[in-house]
file upload.pdb (PDB, C-alpha atoms)
MODEL        1
ATOM      1  CA  MET A   6      -2.075  33.869   1.916  1.00  0.00           C
ATOM      2  CA  ASP A   7      -1.530  37.215   3.623  1.00  0.00           C
ATOM      3  CA  ALA A   8       1.204  36.856   6.249  1.00  0.00           C
ATOM      4  CA  THR A   9      -0.582  39.319   8.577  1.00  0.00           C
ATOM      5  CA  ARG A  10      -3.706  37.225   9.126  1.00  0.00           C
ATOM      6  CA  PRO A  11      -3.945  33.840  10.846  1.00  0.00           C
ATOM      7  CA  MET A  12      -4.478  30.676   8.813  1.00  0.00           C
ATOM      8  CA  THR A  13      -8.078  29.536   8.481  1.00  0.00           C
ATOM      9  CA  ARG A  14      -9.722  26.243   7.621  1.00  0.00           C
ATOM     10  CA  ARG A  15     -10.343  27.651   4.149  1.00  0.00           C
ATOM     11  CA  ASP A  16      -6.577  28.129   3.654  1.00  0.00           C
ATOM     12  CA  VAL A  17      -5.969  24.530   4.724  1.00  0.00           C
ATOM     13  CA  ALA A  18      -8.722  23.292   2.384  1.00  0.00           C
ATOM     14  CA  ARG A  19      -7.128  25.206  -0.496  1.00  0.00           C
ATOM     15  CA  GLY A  20      -3.799  23.548   0.283  1.00  0.00           C
ATOM     16  CA  ILE A  21      -5.375  20.107   0.339  1.00  0.00           C
ATOM     17  CA  THR A  22      -7.160  20.827  -2.943  1.00  0.00           C
ATOM     18  CA  ALA A  23      -3.919  22.001  -4.523  1.00  0.00           C
ATOM     19  CA  SER A  24      -2.145  18.866  -3.295  1.00  0.00           C
ATOM     20  CA  ALA A  25      -4.871  16.638  -4.688  1.00  0.00           C
ATOM     21  CA  ALA A  26      -4.802  18.464  -8.025  1.00  0.00           C
ATOM     22  CA  ALA A  27      -1.030  18.194  -8.181  1.00  0.00           C
ATOM     23  CA  SER A  28      -1.244  14.439  -7.728  1.00  0.00           C
ATOM     24  CA  VAL A  29      -3.465  13.972 -10.794  1.00  0.00           C
ATOM     25  CA  LEU A  30      -2.013  16.618 -13.083  1.00  0.00           C
ATOM     26  CA  PRO A  31       1.173  16.036 -15.064  1.00  0.00           C
ATOM     27  CA  SER A  32       4.220  16.944 -13.056  1.00  0.00           C
ATOM     28  CA  PRO A  33       7.830  17.546 -13.980  1.00  0.00           C
ATOM     29  CA  SER A  34      10.286  14.714 -13.623  1.00  0.00           C
ATOM     30  CA  LEU A  35      12.640  14.826 -10.693  1.00  0.00           C
ATOM     31  CA  ALA A  36      16.341  14.735 -11.292  1.00  0.00           C
ATOM     32  CA  GLN A  37      17.948  11.404 -10.515  1.00  0.00           C
ATOM     33  CA  GLY A  38      18.842  11.073  -6.873  1.00  0.00           C
ATOM     34  CA  THR A  39      16.373  13.697  -5.654  1.00  0.00           C
ATOM     35  CA  THR A  40      13.325  13.037  -3.548  1.00  0.00           C
ATOM     36  CA  ALA A  41      10.164  15.125  -3.522  1.00  0.00           C
ATOM     37  CA  ARG A  42       9.344  16.618  -0.130  1.00  0.00           C
ATOM     38  CA  ILE A  43       5.766  17.488   0.744  1.00  0.00           C
ATOM     39  CA  VAL A  44       4.534  19.375   3.793  1.00  0.00           C
ATOM     40  CA  VAL A  45       0.889  19.064   4.822  1.00  0.00           C
ATOM     41  CA  ILE A  46      -0.239  21.680   7.334  1.00  0.00           C
ATOM     42  CA  GLY A  47      -3.174  20.616   9.465  1.00  0.00           C
ATOM     43  CA  GLY A  48      -3.839  17.047  10.457  1.00  0.00           C
ATOM     44  CA  GLY A  49      -7.585  16.954  10.760  1.00  0.00           C
ATOM     45  CA  PHE A  50      -9.431  14.201   8.951  1.00  0.00           C
ATOM     46  CA  GLY A  51      -8.599  15.682   5.526  1.00  0.00           C
ATOM     47  CA  GLY A  52      -4.965  16.593   6.185  1.00  0.00           C
ATOM     48  CA  ALA A  53      -4.153  13.308   7.902  1.00  0.00           C
ATOM     49  CA  ASN A  54      -5.642  11.289   5.061  1.00  0.00           C
ATOM     50  CA  CYS A  55      -3.971  13.486   2.442  1.00  0.00           C
ATOM     51  CA  ALA A  56      -0.547  12.926   4.030  1.00  0.00           C
ATOM     52  CA  ARG A  57      -1.128   9.185   4.301  1.00  0.00           C
ATOM     53  CA  ALA A  58      -2.459   8.906   0.726  1.00  0.00           C
ATOM     54  CA  LEU A  59       0.494  10.824  -0.723  1.00  0.00           C
ATOM     55  CA  ARG A  60       2.939   8.542   1.058  1.00  0.00           C
ATOM     56  CA  GLN A  61       1.051   5.446  -0.131  1.00  0.00           C
ATOM     57  CA  LEU A  62       0.930   6.832  -3.664  1.00  0.00           C
ATOM     58  CA  ASP A  63       4.718   6.980  -3.808  1.00  0.00           C
ATOM     59  CA  PRO A  64       6.769   5.597  -0.892  1.00  0.00           C
ATOM     60  CA  LYS A  65       9.777   7.611  -2.106  1.00  0.00           C
ATOM     61  CA  LEU A  66       8.010  10.867  -1.214  1.00  0.00           C
ATOM     62  CA  GLN A  67       9.138  12.504   2.019  1.00  0.00           C
ATOM     63  CA  VAL A  68       5.838  13.621   3.541  1.00  0.00           C
ATOM     64  CA  SER A  69       5.682  15.741   6.700  1.00  0.00           C
ATOM     65  CA  LEU A  70       2.502  16.580   8.602  1.00  0.00           C
ATOM     66  CA  ILE A  71       2.486  19.654  10.846  1.00  0.00           C
ATOM     67  CA  GLU A  72      -0.262  19.363  13.487  1.00  0.00           C
ATOM     68  CA  PRO A  73      -0.226  20.512  17.139  1.00  0.00           C
ATOM     69  CA  ASN A  74      -3.023  18.242  18.398  1.00  0.00           C
ATOM     70  CA  GLN A  75      -2.422  14.664  19.474  1.00  0.00           C
ATOM     71  CA  THR A  76      -5.718  13.347  18.068  1.00  0.00           C
ATOM     72  CA  PHE A  77      -8.138  14.072  15.249  1.00  0.00           C
ATOM     73  CA  THR A  78     -11.824  13.308  14.844  1.00  0.00           C
ATOM     74  CA  ALA A  79     -12.856  11.201  11.865  1.00  0.00           C
ATOM     75  CA  CYS A  80     -15.911  12.405   9.960  1.00  0.00           C
ATOM     76  CA  PRO A  81     -17.259   9.068   8.665  1.00  0.00           C
ATOM     77  CA  PHE A  82     -19.918   7.665  10.998  1.00  0.00           C
ATOM     78  CA  SER A  83     -20.101  10.917  13.002  1.00  0.00           C
ATOM     79  CA  ASN A  84     -23.860  10.975  12.429  1.00  0.00           C
ATOM     80  CA  GLU A  85     -24.008   7.810  14.524  1.00  0.00           C
ATOM     81  CA  VAL A  86     -22.467   9.788  17.397  1.00  0.00           C
ATOM     82  CA  ILE A  87     -25.148  12.471  17.029  1.00  0.00           C
ATOM     83  CA  ALA A  88     -27.855   9.784  16.979  1.00  0.00           C
ATOM     84  CA  GLY A  89     -26.419   8.156  20.106  1.00  0.00           C
ATOM     85  CA  MET A  90     -25.517   4.925  18.290  1.00  0.00           C
ATOM     86  CA  ARG A  91     -21.756   5.391  18.674  1.00  0.00           C
ATOM     87  CA  GLU A  92     -19.589   6.992  21.341  1.00  0.00           C
ATOM     88  CA  LEU A  93     -17.438  10.014  20.454  1.00  0.00           C
ATOM     89  CA  PRO A  94     -14.169   8.356  21.600  1.00  0.00           C
ATOM     90  CA  ALA A  95     -14.655   5.813  18.778  1.00  0.00           C
ATOM     91  CA  GLN A  96     -14.195   8.725  16.341  1.00  0.00           C
ATOM     92  CA  LEU A  97     -10.905   9.957  17.849  1.00  0.00           C
ATOM     93  CA  PHE A  98      -7.619   8.804  16.341  1.00  0.00           C
ATOM     94  CA  THR A  99      -3.950   9.484  17.090  1.00  0.00           C
ATOM     95  CA  TYR A 100      -1.269  10.040  14.466  1.00  0.00           C
ATOM     96  CA  ASP A 101       0.567   6.805  15.337  1.00  0.00           C
ATOM     97  CA  ARG A 102      -0.656   4.883  12.265  1.00  0.00           C
ATOM     98  CA  ILE A 103       0.136   7.806   9.994  1.00  0.00           C
ATOM     99  CA  ALA A 104       3.664   8.013  11.396  1.00  0.00           C
ATOM    100  CA  ALA A 105       3.999   4.223  11.075  1.00  0.00           C
ATOM    101  CA  GLY A 106       3.156   4.648   7.389  1.00  0.00           C
ATOM    102  CA  GLY A 107       6.261   6.759   6.865  1.00  0.00           C
ATOM    103  CA  VAL A 108       4.847  10.261   7.387  1.00  0.00           C
ATOM    104  CA  THR A 109       6.927  12.528   9.642  1.00  0.00           C
ATOM    105  CA  VAL A 110       4.503  14.032  12.160  1.00  0.00           C
ATOM    106  CA  ILE A 111       5.618  17.352  13.643  1.00  0.00           C
ATOM    107  CA  PRO A 112       3.549  18.056  16.791  1.00  0.00           C
ATOM    108  CA  GLN A 113       3.474  21.847  16.509  1.00  0.00           C
ATOM    109  CA  ALA A 114       1.327  24.541  14.952  1.00  0.00           C
ATOM    110  CA  ALA A 115       2.361  26.345  11.796  1.00  0.00           C
ATOM    111  CA  ALA A 116       2.632  30.086  12.375  1.00  0.00           C
ATOM    112  CA  LYS A 117       3.770  31.310   8.952  1.00  0.00           C
ATOM    113  CA  VAL A 118       4.335  29.850   5.492  1.00  0.00           C
ATOM    114  CA  ASP A 119       6.904  31.277   3.072  1.00  0.00           C
ATOM    115  CA  PRO A 120       6.181  29.611  -0.276  1.00  0.00           C
ATOM    116  CA  ARG A 121       9.120  31.253  -2.034  1.00  0.00           C
ATOM    117  CA  ALA A 122      11.669  30.037   0.509  1.00  0.00           C
ATOM    118  CA  HIS A 123       9.823  26.700   0.941  1.00  0.00           C
ATOM    119  CA  THR A 124       9.760  27.148   4.715  1.00  0.00           C
ATOM    120  CA  VAL A 125       7.207  27.004   7.495  1.00  0.00           C
ATOM    121  CA  THR A 126       7.752  28.885  10.742  1.00  0.00           C
ATOM    122  CA  LEU A 127       6.493  26.724  13.586  1.00  0.00           C
ATOM    123  CA  ALA A 128       4.694  28.146  16.636  1.00  0.00           C
ATOM    124  CA  ALA A 129       7.731  27.537  18.844  1.00  0.00           C
ATOM    125  CA  GLY A 130       9.816  29.685  16.483  1.00  0.00           C
ATOM    126  CA  GLN A 131      11.711  26.971  14.603  1.00  0.00           C
ATOM    127  CA  LEU A 132      11.978  27.245  10.860  1.00  0.00           C
ATOM    128  CA  PHE A 133      10.910  24.051   9.069  1.00  0.00           C
ATOM    129  CA  SER A 134      12.448  23.771   5.622  1.00  0.00           C
ATOM    130  CA  ALA A 135      10.570  21.748   3.033  1.00  0.00           C
ATOM    131  CA  THR A 136      13.721  21.529   0.939  1.00  0.00           C
ATOM    132  CA  THR A 137      15.694  19.794   3.670  1.00  0.00           C
ATOM    133  CA  ALA A 138      12.748  18.449   5.721  1.00  0.00           C
ATOM    134  CA  THR A 139      14.330  19.592   8.959  1.00  0.00           C
ATOM    135  CA  ALA A 140      13.448  22.060  11.681  1.00  0.00           C
ATOM    136  CA  ALA A 141      16.138  24.548  12.630  1.00  0.00           C
ATOM    137  CA  ALA A 142      16.195  26.436  15.920  1.00  0.00           C
TER     138      ALA A 142
ENDMDL
END

call {"tool": "encode", "arguments": {"input": "upload.pdb", "output": "structure tokens"}}
result
Amino acid sequence: MDATRPMTRRDVARGITASAAASVLPSPSLAQGTTARIVVIGGGFGGANCARALRQLDPKLQVSLIEPNQTFTACPFSNEVIAGMRELPAQLFTYDRIAAGGVTVIPQAAAKVDPRAHTVTLAAGQLFSATTATAAA
């Protein structure tokens, strides 16, 4: 991703696809005593479910979800909303259940990703490190 242009939905979709591919392809073994840390940027329906599925796949994974919104809209059954058979609020979900499942939810937007340094600069200016899973001021 070019650091001079803003992130798009396509960039997020590529990240989700890469994460999904990584989960089914052979991966290197981790050294004893280390824990894999995964950062999912964007907590829409796809990102939220990706973060939750990764954590359920291996509870030892440290999964973080970076998303500035407090709710997301679920896609399944959205046609019922369009048809007037279901109300839109029934499609809105918070991140409480995802956090309860062991995913660290960071309620901010991602402004920049540095894949070489394994860091994400958050909108408020903090640097989130995927290697330590902490945000530094």

call {"tool": "closest_residue", "arguments": {"input": "upload.pdb", "among": "A:Thr126, A:Asn74, A:Thr109, A:Asn84", "to": "Arg60 in chain A", "atoms": "only C-alpha atoms"}}
result
A:Thr109

call {"tool": "closest_residue", "arguments": {"input": "upload.pdb", "among": "A:Thr124, A:Thr40, A:Ser83, A:Gln96", "to": "Pro64 in chain A", "atoms": "all atoms listed in the file"}}
result
A:Thr40

call {"tool": "residues_around", "arguments": {"input": "upload.pdb", "residues": "Leu66 in chain A", "least_positions_apart": "3", "cutoff": "12 Å", "atoms": "all atoms listed in the file", "output": "PyMOL selection string"}}
result
chain A and resi 28+35+39-44+56-63+69+106-109+135+138

call {"tool": "resolve_selection", "arguments": {"input": "upload.pdb", "expression": "the PyMOL selection byres ((chain A and resi 72) around 9)", "output": "ChimeraX atom specification"}}
result
/A:45-49,70-71,73-75,110-115

call {"tool": "axis_aligned_box", "arguments": {"input": "upload.pdb", "around": "range 120-136 of chain A", "padding_each_side": "6 Å", "output": "AutoDock Vina command-line options"}}
result
--center_x 9.2 --center_y 26.4 --center_z 8.4 --size_x 21.0 --size_y 21.7 --size_z 32.9

call {"tool": "closest_residue", "arguments": {"input": "upload.pdb", "among": "A:Tyr100, A:Leu132, A:Asn54, A:Lys65", "to": "Cys80 in chain A", "atoms": "all atoms listed in the file"}}
result
A:Asn54

call {"tool": "closest_residue", "arguments": {"input": "upload.pdb", "among": "A:Asp119, A:Thr78, A:Val68, A:Phe50", "to": "Ala104 in chain A", "atoms": "all atoms listed in the file"}}
result
A:Val68

call {"tool": "resolve_selection", "arguments": {"input": "upload.pdb", "expression": "the PyMOL selection byres ((chain A and resi 17) around 10)", "output": "NGL selection string"}}
result
:A and (12-16 or 18-23 or 45-49 or 51-52)

call {"tool": "atom_distance", "arguments": {"input": "upload.pdb", "atom1": "CA of Ala95 in chain A", "atom2": "CA of Ala128 in chain A"}}
result
29.6 Å

call {"tool": "atom_distance", "arguments": {"input": "upload.pdb", "atom1": "CA of Ala105 in chain A", "atom2": "CA of Ala53 in chain A"}}
result
12.6 Å

call {"tool": "closest_residue", "arguments": {"input": "upload.pdb", "among": "A:Phe133, A:Pro94, A:Glu85, A:Arg10", "to": "Pro120 in chain A", "atoms": "all atoms listed in the file"}}
result
A:Phe133

call {"tool": "atom_distance", "arguments": {"input": "upload.pdb", "atom1": "CA of Val86 in chain A", "atom2": "CA of Thr99 in chain A"}}
result
18.5 Å
